[in-house]
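Participant: Got a structure for you, written out below as structure tokens; questions coming shortly.
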Amino acid sequence: MAHVTIEWTANLEGQMDVEALMSLVAADMRERADGVFPVGGIRVRAFRVDDYVIADNACADDAFINLDVKMGAGRSPEFRQRYFDALFARITGFLQPLSESRPLALSMYVKEAEGWKHNTIHDRLKKAS
Amino acid sequence: MAHVTIEWTANLEGQMDVEALMSLVAADMRERADGVFPVGGIRVRAFRVDDYVIADNACADDAFINLDVKMGAGRSPEFRQRYFDALFARITGFLQPLSESRPLALSMYVKEAEGWKHNTIHDRLKKAS
Amino acid sequence: MAHVTIEWTANLEGQMDVEALMSLVAADMRERADGVFPVGGIRVRAFRVDDYVIADNACADDAFINLDVKMGAGRSPEFRQRYFDALFARITGFLQPLSESRPLALSMYVKEAEGWKHNTIHDRLKKAS
């Protein structure tokens, strides 16, 4: 599984394509991760952050985009480094026009977790294939 | 203490009773956890997820419900396994009509943490008892 | 870096100054942490929690405010204890009128993480100085 949560500050409204960013991340996990993330377990969501204080609280243009990734345990450190280096490079590239035009803090964190699950999306995907 | 955060995708609006799900979790922690979770420290919240991409991004009916639980450190692995197995079974039962009628990814994660606290709900509960 | 997420229940609307609380935390991290948190990496956000169940679910006045802090790894345990004891004391002081007038669960958790980053706020700060 892979859970991704994207936070983005409200002062980016109209200047970034949230849907496109979510789709980029989901597609990357489907197509460029050597099958490590089962398709039916990919869940990306985004939240607009309306209330925030950044840095010295002196610049209304300061913005941030933060990604938190949670994936199942057991992937090798090598995979983790290589895959997320590449993913972050693609995200940075996608957001380059934005980060060049204004002060923007872009960040991504990855953690592992094992939990409980009951997922009927896998059945939907099997029927579709 | 026990913090629970429930995320649910907006395409479930009108099809699930969020209040009932939160109440089920809180009641379960009060009544079926051998007193492990002090009542005054139980805090369950739910967020509707309006922006999301799921799986192959091909089915508007795909939905997810995710629960993140944070509890104090020190509970035994046996308690943790037994209690959360049972809790997840009850949640799965409560949501069965939903997960049988559409593709739904249901998940729950549990982690431990110790923090700082100042809680006057305990006083309210003592006065009430 | 320091990420702070503040959650506060909707029944506190109009009774607490969320902007002031965020500013207090950010200023504290800038001015009282021995320079441990680079200014350009401070990101505080707040979310109003509209759907929640607290404690015995019996008192509409029950409220909570929760702070989750994520900071870079490598700070000493001594710094961590001393700094966050002091920060929490200031937050508790700021919220004292509230916690004395109603049942309020105030909590703060701190964890460490290392991630990926690309931050042009540092450039803005350098130009400003």
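Every chain in the structure tokens takes a letter, A first, then B, and so on in the order presented; its residues are numbered from 1, and the ligands are numbered from 1 following the presented order.
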Can you superpose chain C onto chain B by least squares over all C-alpha atoms paired in order and give the moved copy as a CSV table (one decimal) with C-alpha atoms, in the first residue's frame?
Facilitator:
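Written file, out-v9.csv:
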chain,number,residue,atom,x,y,z
C,1,MET,CA,-4.8,8.7,25.8
C,2,ALA,CA,-6.1,7.8,22.4
C,3,HIS,CA,-6.2,10.0,19.4
C,4,VAL,CA,-8.1,8.7,16.3
C,5,THR,CA,-8.3,10.4,13.0
C,6,ILE,CA,-10.7,9.1,10.4
C,7,GLU,CA,-10.3,10.2,6.7
C,8,TRP,CA,-13.1,9.4,4.3
C,9,THR,CA,-13.4,10.4,0.6
C,10,ALA,CA,-16.1,12.8,-0.4
C,11,ASN,CA,-17.8,10.3,-2.7
C,12,LEU,CA,-19.1,8.5,0.4
C,13,GLU,CA,-21.1,11.6,1.4
C,14,GLY,CA,-24.7,10.5,2.3
C,15,GLN,CA,-23.7,6.9,2.2
C,16,MET,CA,-22.0,6.5,5.5
C,17,ASP,CA,-22.8,7.8,8.9
C,18,VAL,CA,-19.6,9.5,10.0
C,19,GLU,CA,-21.0,10.4,13.4
C,20,ALA,CA,-22.0,6.8,14.0
C,21,LEU,CA,-18.5,5.6,13.0
C,22,MET,CA,-16.8,8.0,15.4
C,23,SER,CA,-19.2,7.0,18.2
C,24,LEU,CA,-18.6,3.3,17.5
C,25,VAL,CA,-14.8,3.8,17.9
C,26,ALA,CA,-15.1,6.0,21.0
C,27,ALA,CA,-17.5,3.6,22.7
C,28,ASP,CA,-15.4,0.6,21.9
C,29,MET,CA,-12.3,2.3,23.4
C,30,ARG,CA,-14.4,3.1,26.5
C,31,GLU,CA,-16.1,-0.2,27.0
C,32,ARG,CA,-14.1,-3.0,25.4
C,33,ALA,CA,-10.5,-2.1,26.1
C,34,ASP,CA,-10.1,-3.3,29.7
C,35,GLY,CA,-9.8,0.4,30.9
C,36,VAL,CA,-6.6,0.9,29.0
C,37,PHE,CA,-7.8,4.1,27.4
C,38,PRO,CA,-8.7,6.8,30.1
C,39,VAL,CA,-12.1,8.1,29.1
C,40,GLY,CA,-11.1,11.8,29.3
C,41,GLY,CA,-8.3,11.2,26.8
C,42,ILE,CA,-10.3,9.8,24.0
C,43,ARG,CA,-10.4,12.1,21.0
C,44,VAL,CA,-11.9,10.9,17.7
C,45,ARG,CA,-12.1,13.2,14.7
C,46,ALA,CA,-13.1,12.8,11.1
C,47,PHE,CA,-12.1,14.7,8.0
C,48,ARG,CA,-13.8,14.5,4.6
C,49,VAL,CA,-11.2,14.2,1.8
C,50,ASP,CA,-12.4,16.3,-1.2
C,51,ASP,CA,-9.3,15.9,-3.4
C,52,TYR,CA,-7.9,12.5,-4.0
C,53,VAL,CA,-6.6,10.0,-6.6
C,54,ILE,CA,-7.1,6.3,-6.0
C,55,ALA,CA,-5.5,3.2,-7.6
C,56,ASP,CA,-5.5,3.5,-11.4
C,57,ASN,CA,-7.5,6.7,-11.2
C,58,ALA,CA,-10.1,5.1,-13.5
C,59,CYS,CA,-13.2,4.6,-11.3
C,60,ALA,CA,-15.1,7.4,-9.8
C,61,ASP,CA,-16.7,5.0,-7.3
C,62,ASP,CA,-13.4,4.0,-5.7
C,63,ALA,CA,-13.4,5.3,-2.1
C,64,PHE,CA,-11.3,5.0,1.0
C,65,ILE,CA,-11.7,5.2,4.7
C,66,ASN,CA,-8.5,5.4,6.8
C,67,LEU,CA,-8.1,5.4,10.5
C,68,ASP,CA,-4.9,6.5,12.2
C,69,VAL,CA,-4.7,5.7,15.9
C,70,LYS,CA,-2.2,7.2,18.3
C,71,MET,CA,-2.0,5.8,21.8
C,72,GLY,CA,0.3,6.1,24.8
C,73,ALA,CA,3.3,3.8,24.9
C,74,GLY,CA,3.5,0.8,27.1
C,75,ARG,CA,0.6,-1.4,26.2
C,76,SER,CA,1.6,-5.0,25.6
C,77,PRO,CA,1.9,-6.4,22.1
C,78,GLU,CA,-0.7,-9.0,23.1
C,79,PHE,CA,-3.2,-6.3,24.1
C,80,ARG,CA,-2.5,-4.3,21.0
C,81,GLN,CA,-3.1,-7.3,18.6
C,82,ARG,CA,-6.2,-8.6,20.4
C,83,TYR,CA,-7.8,-5.2,20.9
C,84,PHE,CA,-7.2,-3.8,17.5
C,85,ASP,CA,-8.1,-7.0,15.7
C,86,ALA,CA,-11.5,-6.8,17.5
C,87,LEU,CA,-11.9,-3.1,16.9
C,88,PHE,CA,-11.1,-3.5,13.2
C,89,ALA,CA,-13.6,-6.4,12.9
C,90,ARG,CA,-16.3,-4.2,14.3
C,91,ILE,CA,-15.5,-1.4,12.0
C,92,THR,CA,-15.4,-3.7,9.1
C,93,GLY,CA,-18.8,-5.1,10.1
C,94,PHE,CA,-20.3,-1.6,10.5
C,95,LEU,CA,-19.1,-0.7,7.0
C,96,GLN,CA,-19.9,-4.1,5.3
C,97,PRO,CA,-22.9,-2.8,3.4
C,98,LEU,CA,-20.7,-0.1,1.9
C,99,SER,CA,-17.7,-2.3,1.1
C,100,GLU,CA,-19.9,-4.9,-0.5
C,101,SER,CA,-21.7,-2.3,-2.7
C,102,ARG,CA,-18.6,-0.4,-4.1
C,103,PRO,CA,-14.8,-0.6,-4.3
C,104,LEU,CA,-13.7,0.6,-0.9
C,105,ALA,CA,-10.2,0.6,0.7
C,106,LEU,CA,-10.6,0.4,4.5
C,107,SER,CA,-7.4,0.7,6.6
C,108,MET,CA,-6.3,1.3,10.1
C,109,TYR,CA,-2.8,2.1,11.6
C,110,VAL,CA,-1.8,2.2,15.2
C,111,LYS,CA,1.3,4.0,16.6
C,112,GLU,CA,2.5,4.9,20.1
C,113,ALA,CA,3.6,8.3,21.3
C,114,GLU,CA,4.3,10.1,24.5
C,115,GLY,CA,3.8,13.8,24.6
C,116,TRP,CA,2.9,16.8,26.8
C,117,LYS,CA,-0.7,17.3,28.1
C,118,HIS,CA,-2.9,19.5,30.1
C,119,ASN,CA,-6.4,18.1,30.3
C,120,THR,CA,-9.3,19.5,32.2
C,121,ILE,CA,-11.8,17.0,30.8
C,122,HIS,CA,-10.7,14.6,33.5
C,123,ASP,CA,-12.0,17.1,36.1
C,124,ARG,CA,-15.4,17.4,34.3
C,125,LEU,CA,-15.7,13.6,34.4
C,126,LYS,CA,-14.8,13.4,38.1
C,127,LYS,CA,-17.5,16.0,38.9
C,128,ALA,CA,-20.0,14.1,36.8
C,129,SER,CA,-19.4,10.8,38.5
Participant: What parts of chain B does DSSP call helix (DSSP H, G or I)? I'd like the answer as a ChimeraX atom specification.
Facilitator: /B:10-12,18-31,39-41,77-94,96-101,121-128
